[in-house]
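The next block is run.txt, given as compact mmCIF, N, CA and C atoms.
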```txt
# COMPACT_ATOMS: atom_id res chain seq x y z
N MET A 11 72.05 51.38 11.81
CA MET A 11 71.69 52.75 11.53
C MET A 11 72.75 53.42 10.65
N PHE A 12 74.02 53.06 10.85
CA PHE A 12 75.07 53.66 10.03
C PHE A 12 74.94 53.24 8.59
N ARG A 13 74.64 51.95 8.35
CA ARG A 13 74.55 51.47 6.97
C ARG A 13 73.38 52.11 6.23
N LYS A 14 72.27 52.28 6.94
CA LYS A 14 71.08 52.84 6.29
C LYS A 14 71.30 54.30 5.90
N TYR A 15 72.02 55.04 6.71
CA TYR A 15 72.26 56.46 6.47
C TYR A 15 73.75 56.75 6.26
N ALA A 16 74.47 55.82 5.68
CA ALA A 16 75.92 55.95 5.52
C ALA A 16 76.32 57.21 4.77
N TYR A 17 75.62 57.52 3.70
CA TYR A 17 75.96 58.72 2.92
C TYR A 17 75.81 59.97 3.78
N GLY A 18 74.75 60.03 4.57
CA GLY A 18 74.54 61.18 5.46
C GLY A 18 75.61 61.27 6.52
N TRP A 19 75.98 60.14 7.12
CA TRP A 19 77.03 60.15 8.14
C TRP A 19 78.38 60.56 7.56
N ILE A 20 78.70 60.06 6.41
CA ILE A 20 79.97 60.42 5.76
C ILE A 20 79.98 61.91 5.43
N THR A 21 78.86 62.41 4.90
CA THR A 21 78.76 63.83 4.59
C THR A 21 78.89 64.67 5.85
N LEU A 22 78.24 64.25 6.93
CA LEU A 22 78.36 64.96 8.21
C LEU A 22 79.80 64.94 8.70
N GLY A 23 80.50 63.81 8.55
CA GLY A 23 81.90 63.72 8.95
C GLY A 23 82.78 64.68 8.17
N PHE A 24 82.57 64.72 6.85
CA PHE A 24 83.33 65.67 6.02
C PHE A 24 83.03 67.11 6.43
N PHE A 25 81.76 67.39 6.66
CA PHE A 25 81.37 68.74 7.04
C PHE A 25 82.02 69.15 8.36
N LEU A 26 81.88 68.30 9.39
CA LEU A 26 82.46 68.64 10.69
C LEU A 26 83.98 68.72 10.62
N GLY A 27 84.60 67.80 9.90
CA GLY A 27 86.06 67.83 9.75
C GLY A 27 86.52 69.11 9.08
N SER A 28 85.84 69.49 8.00
CA SER A 28 86.24 70.72 7.31
C SER A 28 85.97 71.95 8.15
N LEU A 29 84.88 71.95 8.91
CA LEU A 29 84.58 73.10 9.78
C LEU A 29 85.61 73.23 10.89
N ILE A 30 85.98 72.13 11.52
CA ILE A 30 86.99 72.15 12.58
C ILE A 30 88.34 72.60 12.03
N LEU A 31 88.73 72.04 10.89
CA LEU A 31 90.02 72.45 10.30
C LEU A 31 90.00 73.91 9.86
N HIS A 32 88.88 74.38 9.35
CA HIS A 32 88.75 75.79 8.97
C HIS A 32 88.98 76.69 10.19
N TRP A 33 88.33 76.36 11.29
CA TRP A 33 88.48 77.17 12.50
C TRP A 33 89.89 77.03 13.08
N TYR A 34 90.48 75.85 13.06
CA TYR A 34 91.83 75.64 13.60
C TYR A 34 92.86 76.45 12.81
N PHE A 35 92.86 76.30 11.49
CA PHE A 35 93.84 77.04 10.69
C PHE A 35 93.55 78.53 10.68
N GLY A 36 92.29 78.90 10.82
CA GLY A 36 91.94 80.30 10.98
C GLY A 36 92.51 80.87 12.27
N TRP A 37 92.49 80.08 13.34
CA TRP A 37 93.05 80.52 14.63
C TRP A 37 94.56 80.71 14.50
N LEU A 38 95.24 79.76 13.84
CA LEU A 38 96.69 79.90 13.65
C LEU A 38 97.01 81.16 12.85
N SER A 39 96.26 81.42 11.82
CA SER A 39 96.46 82.61 11.01
C SER A 39 96.15 83.87 11.80
N PHE A 40 95.12 83.83 12.63
CA PHE A 40 94.74 84.99 13.46
C PHE A 40 95.84 85.30 14.47
N ILE A 41 96.41 84.27 15.08
CA ILE A 41 97.50 84.47 16.04
C ILE A 41 98.69 85.11 15.33
N GLU A 42 99.04 84.59 14.18
CA GLU A 42 100.18 85.12 13.43
C GLU A 42 99.97 86.58 13.04
N GLU A 43 98.76 86.90 12.60
CA GLU A 43 98.47 88.29 12.22
C GLU A 43 98.50 89.22 13.43
N ALA A 44 97.94 88.77 14.55
CA ALA A 44 97.95 89.60 15.76
C ALA A 44 99.37 89.84 16.23
N GLN A 45 100.23 88.81 16.21
CA GLN A 45 101.62 88.95 16.64
C GLN A 45 102.40 89.87 15.70
N SER A 46 102.08 89.84 14.41
CA SER A 46 102.78 90.71 13.47
C SER A 46 102.45 92.18 13.72
N HIS A 47 101.31 92.45 14.37
CA HIS A 47 100.92 93.83 14.72
C HIS A 47 101.27 94.15 16.17
N GLY A 48 101.94 93.22 16.85
CA GLY A 48 102.34 93.44 18.24
C GLY A 48 101.17 93.38 19.21
N GLN A 49 100.14 92.65 18.88
CA GLN A 49 98.98 92.53 19.75
C GLN A 49 98.81 91.09 20.20
N ALA A 50 98.12 90.93 21.33
CA ALA A 50 97.79 89.59 21.81
C ALA A 50 96.47 89.16 21.14
N PRO A 51 96.39 87.91 20.67
CA PRO A 51 95.15 87.46 20.04
C PRO A 51 94.01 87.39 21.06
N GLU A 52 92.84 87.87 20.66
CA GLU A 52 91.66 87.83 21.53
C GLU A 52 90.64 86.86 20.94
N VAL A 53 90.12 86.00 21.79
CA VAL A 53 89.17 84.97 21.35
C VAL A 53 87.90 85.62 20.80
N ALA A 54 87.41 86.68 21.43
CA ALA A 54 86.18 87.33 20.98
C ALA A 54 86.34 87.89 19.57
N SER A 55 87.46 88.55 19.29
CA SER A 55 87.70 89.08 17.94
C SER A 55 87.82 87.96 16.92
N TYR A 56 88.51 86.89 17.33
CA TYR A 56 88.67 85.74 16.44
C TYR A 56 87.31 85.10 16.13
N THR A 57 86.49 84.93 17.16
CA THR A 57 85.17 84.32 16.99
C THR A 57 84.32 85.15 16.03
N ASN A 58 84.30 86.45 16.21
CA ASN A 58 83.53 87.31 15.32
C ASN A 58 84.02 87.20 13.88
N GLU A 59 85.32 87.22 13.69
CA GLU A 59 85.88 87.14 12.34
C GLU A 59 85.57 85.79 11.69
N MET A 60 85.72 84.72 12.46
CA MET A 60 85.49 83.38 11.89
C MET A 60 84.00 83.13 11.62
N LEU A 61 83.13 83.62 12.50
CA LEU A 61 81.70 83.47 12.23
C LEU A 61 81.31 84.22 10.96
N ARG A 62 81.85 85.41 10.80
CA ARG A 62 81.58 86.18 9.58
C ARG A 62 82.06 85.42 8.35
N ASP A 63 83.29 84.93 8.41
CA ASP A 63 83.85 84.19 7.27
C ASP A 63 83.06 82.90 6.99
N THR A 64 82.68 82.20 8.06
CA THR A 64 81.95 80.95 7.90
C THR A 64 80.60 81.19 7.24
N PHE A 65 79.85 82.17 7.75
CA PHE A 65 78.54 82.44 7.16
C PHE A 65 78.65 83.01 5.76
N GLU A 66 79.70 83.73 5.50
CA GLU A 66 79.93 84.24 4.14
C GLU A 66 80.14 83.08 3.18
N ASN A 67 80.92 82.08 3.61
CA ASN A 67 81.13 80.88 2.79
C ASN A 67 79.83 80.11 2.60
N TRP A 68 79.04 79.98 3.66
CA TRP A 68 77.78 79.26 3.56
C TRP A 68 76.83 79.96 2.61
N GLN A 69 76.82 81.28 2.66
CA GLN A 69 75.93 82.01 1.74
C GLN A 69 76.34 81.77 0.30
N SER A 70 77.62 81.83 0.05
CA SER A 70 78.05 81.73 -1.35
C SER A 70 78.08 80.29 -1.86
N GLU A 71 78.25 79.32 -0.99
CA GLU A 71 78.39 77.94 -1.45
C GLU A 71 77.21 77.06 -1.05
N PHE A 72 77.03 76.86 0.25
CA PHE A 72 76.04 75.90 0.71
C PHE A 72 74.62 76.32 0.38
N LEU A 73 74.26 77.57 0.65
CA LEU A 73 72.90 78.00 0.39
C LEU A 73 72.60 77.99 -1.12
N GLN A 74 73.57 78.39 -1.91
CA GLN A 74 73.40 78.36 -3.36
C GLN A 74 73.19 76.93 -3.84
N LEU A 75 74.03 76.03 -3.38
CA LEU A 75 73.92 74.63 -3.79
C LEU A 75 72.62 74.02 -3.29
N LEU A 76 72.28 74.29 -2.03
CA LEU A 76 71.03 73.76 -1.49
C LEU A 76 69.83 74.25 -2.30
N TRP A 77 69.83 75.54 -2.65
CA TRP A 77 68.72 76.05 -3.43
C TRP A 77 68.66 75.37 -4.79
N GLN A 78 69.82 75.20 -5.41
CA GLN A 78 69.82 74.58 -6.73
C GLN A 78 69.30 73.15 -6.67
N VAL A 79 69.78 72.38 -5.71
CA VAL A 79 69.38 70.98 -5.62
C VAL A 79 67.94 70.85 -5.13
N LEU A 80 67.63 71.46 -3.99
CA LEU A 80 66.30 71.31 -3.42
C LEU A 80 65.25 72.05 -4.23
N GLY A 81 65.60 73.24 -4.71
CA GLY A 81 64.65 74.00 -5.51
C GLY A 81 64.30 73.29 -6.80
N LEU A 82 65.31 72.79 -7.50
CA LEU A 82 65.05 72.09 -8.75
C LEU A 82 64.30 70.78 -8.51
N ALA A 83 64.65 70.08 -7.44
CA ALA A 83 63.93 68.85 -7.11
C ALA A 83 62.47 69.15 -6.79
N TYR A 84 62.23 70.24 -6.06
CA TYR A 84 60.86 70.62 -5.72
C TYR A 84 60.06 70.94 -6.97
N PHE A 85 60.64 71.75 -7.86
CA PHE A 85 59.90 72.12 -9.07
C PHE A 85 59.68 70.93 -9.99
N LEU A 86 60.62 70.01 -10.00
CA LEU A 86 60.43 68.79 -10.77
C LEU A 86 59.29 67.97 -10.16
N TYR A 87 59.25 67.92 -8.82
CA TYR A 87 58.23 67.15 -8.11
C TYR A 87 56.83 67.72 -8.36
N ILE A 88 56.68 69.04 -8.29
CA ILE A 88 55.35 69.62 -8.47
C ILE A 88 54.96 69.68 -9.93
N GLY A 89 55.92 69.47 -10.80
CA GLY A 89 55.60 69.43 -12.22
C GLY A 89 55.57 70.79 -12.87
N SER A 90 56.64 71.53 -12.73
CA SER A 90 56.70 72.83 -13.39
C SER A 90 56.67 72.63 -14.90
N PRO A 91 56.31 73.66 -15.66
CA PRO A 91 56.21 73.50 -17.11
C PRO A 91 57.49 72.97 -17.75
N SER A 92 58.64 73.40 -17.26
CA SER A 92 59.88 72.94 -17.88
C SER A 92 60.17 71.47 -17.57
N SER A 93 59.67 70.96 -16.45
CA SER A 93 59.93 69.56 -16.14
C SER A 93 58.91 68.63 -16.78
N LYS A 94 57.79 69.17 -17.26
CA LYS A 94 56.75 68.34 -17.85
C LYS A 94 56.79 68.32 -19.36
N GLU A 95 57.71 69.04 -19.96
CA GLU A 95 57.72 69.20 -21.40
C GLU A 95 57.73 67.86 -22.14
N ASN A 96 58.61 66.97 -21.77
CA ASN A 96 58.70 65.68 -22.46
C ASN A 96 57.51 64.79 -22.14
N ASP A 97 56.99 64.86 -20.90
CA ASP A 97 55.83 64.07 -20.53
C ASP A 97 54.62 64.50 -21.35
N ASP A 98 54.44 65.78 -21.54
CA ASP A 98 53.29 66.27 -22.31
C ASP A 98 53.37 65.79 -23.76
N ARG A 99 54.55 65.80 -24.32
CA ARG A 99 54.74 65.33 -25.70
C ARG A 99 54.39 63.85 -25.81
N LEU A 100 54.86 63.06 -24.85
CA LEU A 100 54.58 61.63 -24.84
C LEU A 100 53.09 61.37 -24.68
N GLU A 101 52.45 62.12 -23.76
CA GLU A 101 51.01 61.94 -23.56
C GLU A 101 50.23 62.29 -24.82
N ALA A 102 50.63 63.35 -25.51
CA ALA A 102 49.94 63.73 -26.74
C ALA A 102 50.05 62.63 -27.79
N LYS A 103 51.22 62.00 -27.88
CA LYS A 103 51.40 60.90 -28.83
C LYS A 103 50.51 59.72 -28.45
N LEU A 104 50.46 59.39 -27.16
CA LEU A 104 49.63 58.27 -26.73
C LEU A 104 48.15 58.57 -26.96
N ASP A 105 47.74 59.81 -26.70
CA ASP A 105 46.36 60.19 -26.98
C ASP A 105 46.04 60.00 -28.47
N ALA A 106 46.97 60.39 -29.32
CA ALA A 106 46.76 60.24 -30.77
C ALA A 106 46.64 58.77 -31.15
N VAL A 107 47.46 57.92 -30.55
CA VAL A 107 47.39 56.48 -30.84
C VAL A 107 46.06 55.92 -30.36
N LEU A 108 45.64 56.30 -29.14
CA LEU A 108 44.35 55.83 -28.65
C LEU A 108 43.20 56.26 -29.56
N ARG A 109 43.24 57.49 -30.02
CA ARG A 109 42.19 57.97 -30.92
C ARG A 109 42.22 57.23 -32.26
N ALA A 110 43.41 56.89 -32.72
CA ALA A 110 43.54 56.21 -34.01
C ALA A 110 42.99 54.79 -33.94
N VAL A 111 43.20 54.09 -32.83
CA VAL A 111 42.77 52.70 -32.75
C VAL A 111 41.52 52.51 -31.90
N GLY A 112 41.13 53.53 -31.16
CA GLY A 112 40.05 53.37 -30.20
C GLY A 112 38.67 53.71 -30.67
N GLY A 113 38.57 54.41 -31.74
CA GLY A 113 37.24 54.75 -32.25
C GLY A 113 36.48 55.70 -31.34
N ASP A 114 35.17 55.44 -31.18
CA ASP A 114 34.28 56.34 -30.45
C ASP A 114 34.59 56.42 -28.96
N LYS A 115 35.08 55.34 -28.37
CA LYS A 115 35.31 55.31 -26.93
C LYS A 115 36.67 55.87 -26.51
N ALA A 116 37.51 56.23 -27.46
CA ALA A 116 38.86 56.69 -27.15
C ALA A 116 38.85 57.95 -26.29
N ASP A 117 38.00 58.92 -26.64
CA ASP A 117 37.96 60.16 -25.87
C ASP A 117 37.48 59.90 -24.44
N PHE A 118 36.55 58.97 -24.27
CA PHE A 118 36.08 58.61 -22.93
C PHE A 118 37.22 58.03 -22.10
N VAL A 119 37.99 57.12 -22.68
CA VAL A 119 39.12 56.50 -21.98
C VAL A 119 40.18 57.55 -21.64
N ILE A 120 40.50 58.42 -22.58
CA ILE A 120 41.51 59.46 -22.35
C ILE A 120 41.05 60.39 -21.22
N GLU A 121 39.77 60.77 -21.25
CA GLU A 121 39.24 61.66 -20.21
C GLU A 121 39.29 60.99 -18.84
N LYS A 122 38.95 59.72 -18.79
CA LYS A 122 38.96 58.96 -17.53
C LYS A 122 40.38 58.87 -16.97
N ILE A 123 41.34 58.57 -17.83
CA ILE A 123 42.74 58.47 -17.38
C ILE A 123 43.24 59.84 -16.93
N ASP A 124 42.93 60.88 -17.71
CA ASP A 124 43.37 62.24 -17.35
C ASP A 124 42.81 62.66 -16.00
N LYS A 125 41.55 62.32 -15.75
CA LYS A 125 40.93 62.69 -14.47
C LYS A 125 41.61 61.95 -13.32
N GLU A 126 41.85 60.67 -13.49
CA GLU A 126 42.47 59.86 -12.42
C GLU A 126 43.88 60.34 -12.11
N TYR A 127 44.63 60.70 -13.13
CA TYR A 127 46.02 61.09 -12.93
C TYR A 127 46.21 62.60 -12.88
N GLU A 128 45.10 63.33 -12.76
CA GLU A 128 45.12 64.78 -12.59
C GLU A 128 46.00 65.47 -13.62
N ARG A 129 45.83 65.09 -14.87
CA ARG A 129 46.66 65.63 -15.94
C ARG A 129 46.51 67.15 -16.07
N GLU A 130 45.32 67.65 -15.85
CA GLU A 130 45.07 69.08 -16.06
C GLU A 130 45.44 69.93 -14.85
N THR A 131 45.48 69.36 -13.64
CA THR A 131 45.62 70.17 -12.43
C THR A 131 47.00 70.10 -11.79
N GLY A 132 47.92 69.37 -12.31
CA GLY A 132 49.26 69.37 -11.73
C GLY A 132 49.73 68.01 -11.30
N HIS A 133 50.17 67.90 -10.06
CA HIS A 133 50.81 66.69 -9.56
C HIS A 133 49.86 65.51 -9.55
N ALA A 134 50.28 64.44 -10.15
CA ALA A 134 49.47 63.24 -10.21
C ALA A 134 49.91 62.25 -9.14
N PRO A 135 48.96 61.45 -8.65
CA PRO A 135 49.34 60.42 -7.67
C PRO A 135 50.16 59.32 -8.33
N HIS A 136 50.95 58.63 -7.54
CA HIS A 136 51.69 57.49 -8.06
C HIS A 136 50.76 56.29 -7.98
N ALA A 137 50.14 55.97 -9.08
CA ALA A 137 49.10 54.94 -9.07
C ALA A 137 49.36 53.91 -10.15
N HIS A 138 50.60 53.48 -10.28
CA HIS A 138 50.93 52.53 -11.33
C HIS A 138 50.19 51.21 -11.17
N GLY A 139 49.84 50.86 -9.95
CA GLY A 139 49.16 49.60 -9.71
C GLY A 139 47.66 49.77 -9.51
N SER A 140 47.12 50.95 -9.76
CA SER A 140 45.70 51.20 -9.51
C SER A 140 44.83 50.51 -10.56
N ASP A 141 43.53 50.47 -10.28
CA ASP A 141 42.57 49.87 -11.22
C ASP A 141 42.56 50.62 -12.55
N VAL A 142 42.66 51.94 -12.50
CA VAL A 142 42.65 52.72 -13.74
C VAL A 142 43.84 52.33 -14.60
N SER A 143 45.01 52.19 -13.97
CA SER A 143 46.21 51.82 -14.72
C SER A 143 46.09 50.41 -15.30
N ARG A 144 45.59 49.47 -14.48
CA ARG A 144 45.48 48.09 -14.95
C ARG A 144 44.41 47.92 -16.02
N ASN A 145 43.34 48.72 -15.96
CA ASN A 145 42.21 48.55 -16.87
C ASN A 145 42.17 49.57 -18.01
N ALA A 146 43.21 50.37 -18.14
CA ALA A 146 43.21 51.41 -19.17
C ALA A 146 43.03 50.79 -20.55
N GLY A 147 42.05 51.28 -21.28
CA GLY A 147 41.82 50.82 -22.65
C GLY A 147 40.91 49.63 -22.79
N ARG A 148 40.48 49.02 -21.70
CA ARG A 148 39.61 47.84 -21.80
C ARG A 148 38.22 48.19 -22.34
N GLU A 149 37.83 49.46 -22.25
CA GLU A 149 36.51 49.87 -22.74
C GLU A 149 36.45 49.90 -24.27
N ILE A 150 37.58 49.90 -24.92
CA ILE A 150 37.64 50.01 -26.38
C ILE A 150 37.62 48.60 -26.98
N GLU A 151 36.59 48.32 -27.73
CA GLU A 151 36.49 47.01 -28.38
C GLU A 151 37.52 46.90 -29.50
N GLY A 152 38.12 45.75 -29.62
CA GLY A 152 39.07 45.52 -30.68
C GLY A 152 40.49 45.94 -30.32
N LEU A 153 40.66 46.57 -29.15
CA LEU A 153 42.01 46.96 -28.73
C LEU A 153 42.57 45.84 -27.89
N ALA A 154 43.70 45.30 -28.30
CA ALA A 154 44.30 44.17 -27.60
C ALA A 154 45.00 44.69 -26.35
N VAL A 155 44.42 44.41 -25.19
CA VAL A 155 45.00 44.80 -23.91
C VAL A 155 45.23 43.54 -23.09
N LYS A 156 46.46 43.29 -22.71
CA LYS A 156 46.78 42.10 -21.92
C LYS A 156 46.27 42.25 -20.50
N ALA A 157 45.84 41.14 -19.93
CA ALA A 157 45.33 41.15 -18.56
C ALA A 157 46.44 41.14 -17.56
```
This entry written out as structure tokens:
Amino acid sequence: MFRKYAYGWITLGFFLGSLILHWYFGWLSFIEEAQSHGQAPEVASYTNEMLRDTFENWQSEFLQLLWQVLGLAYFLYIGSPSSKENDDRLEAKLDAVLRAVGGDKADFVIEKIDKEYERETGHAPHAHGSDVSRNAGREIEGLAVKA
């Protein structure tokens, strides 16, 4: 189980280690500050201060990073316009090639492929091994398609 999720375990170790050290050195600093004011350190005051500081750090660092990574991955996955820009250009070129060599049946083949891969409606299934993928272009006579 450790080998399969090693990156996660290492990340969790770093996270817990840094959190423990943050609270430990925060406690030492809190004691020093309380003594400099002639007061005894109180655990409740320290806990409130450290929780505030911890969540403030999480807001500015972890949540921002999580949003950037997960948000961008999500939009790439659903196929936002900015993530599909190069794919659309490539598809337009392939459509042009099919029309150039495919003759009358080219539009039928393009429409069939577009429907199968949901080109117009967004996220397409991963169907690299599907019948549509294997047989794409076979309807066009004179087009050399390897079996």
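Atom to atom, atom C of Asp105 in chain A and CA of Val119 in chain A stand 10.1 Å apart.
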Legend entry - Two-atom distance - CA of Phe40 in chain A, CA of Leu22 in chain A (Å):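 Going from CA of Phe40 in chain A over to CA of Leu22 in chain A covers 26.4 Å.
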Inset, instruction - Could you please determine the separation between atom C of His32 in chain A and CA of Met60 in chain A in Å, to one decimal place? - result: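 That distance, rounded to one decimal, is 7.7 Å.
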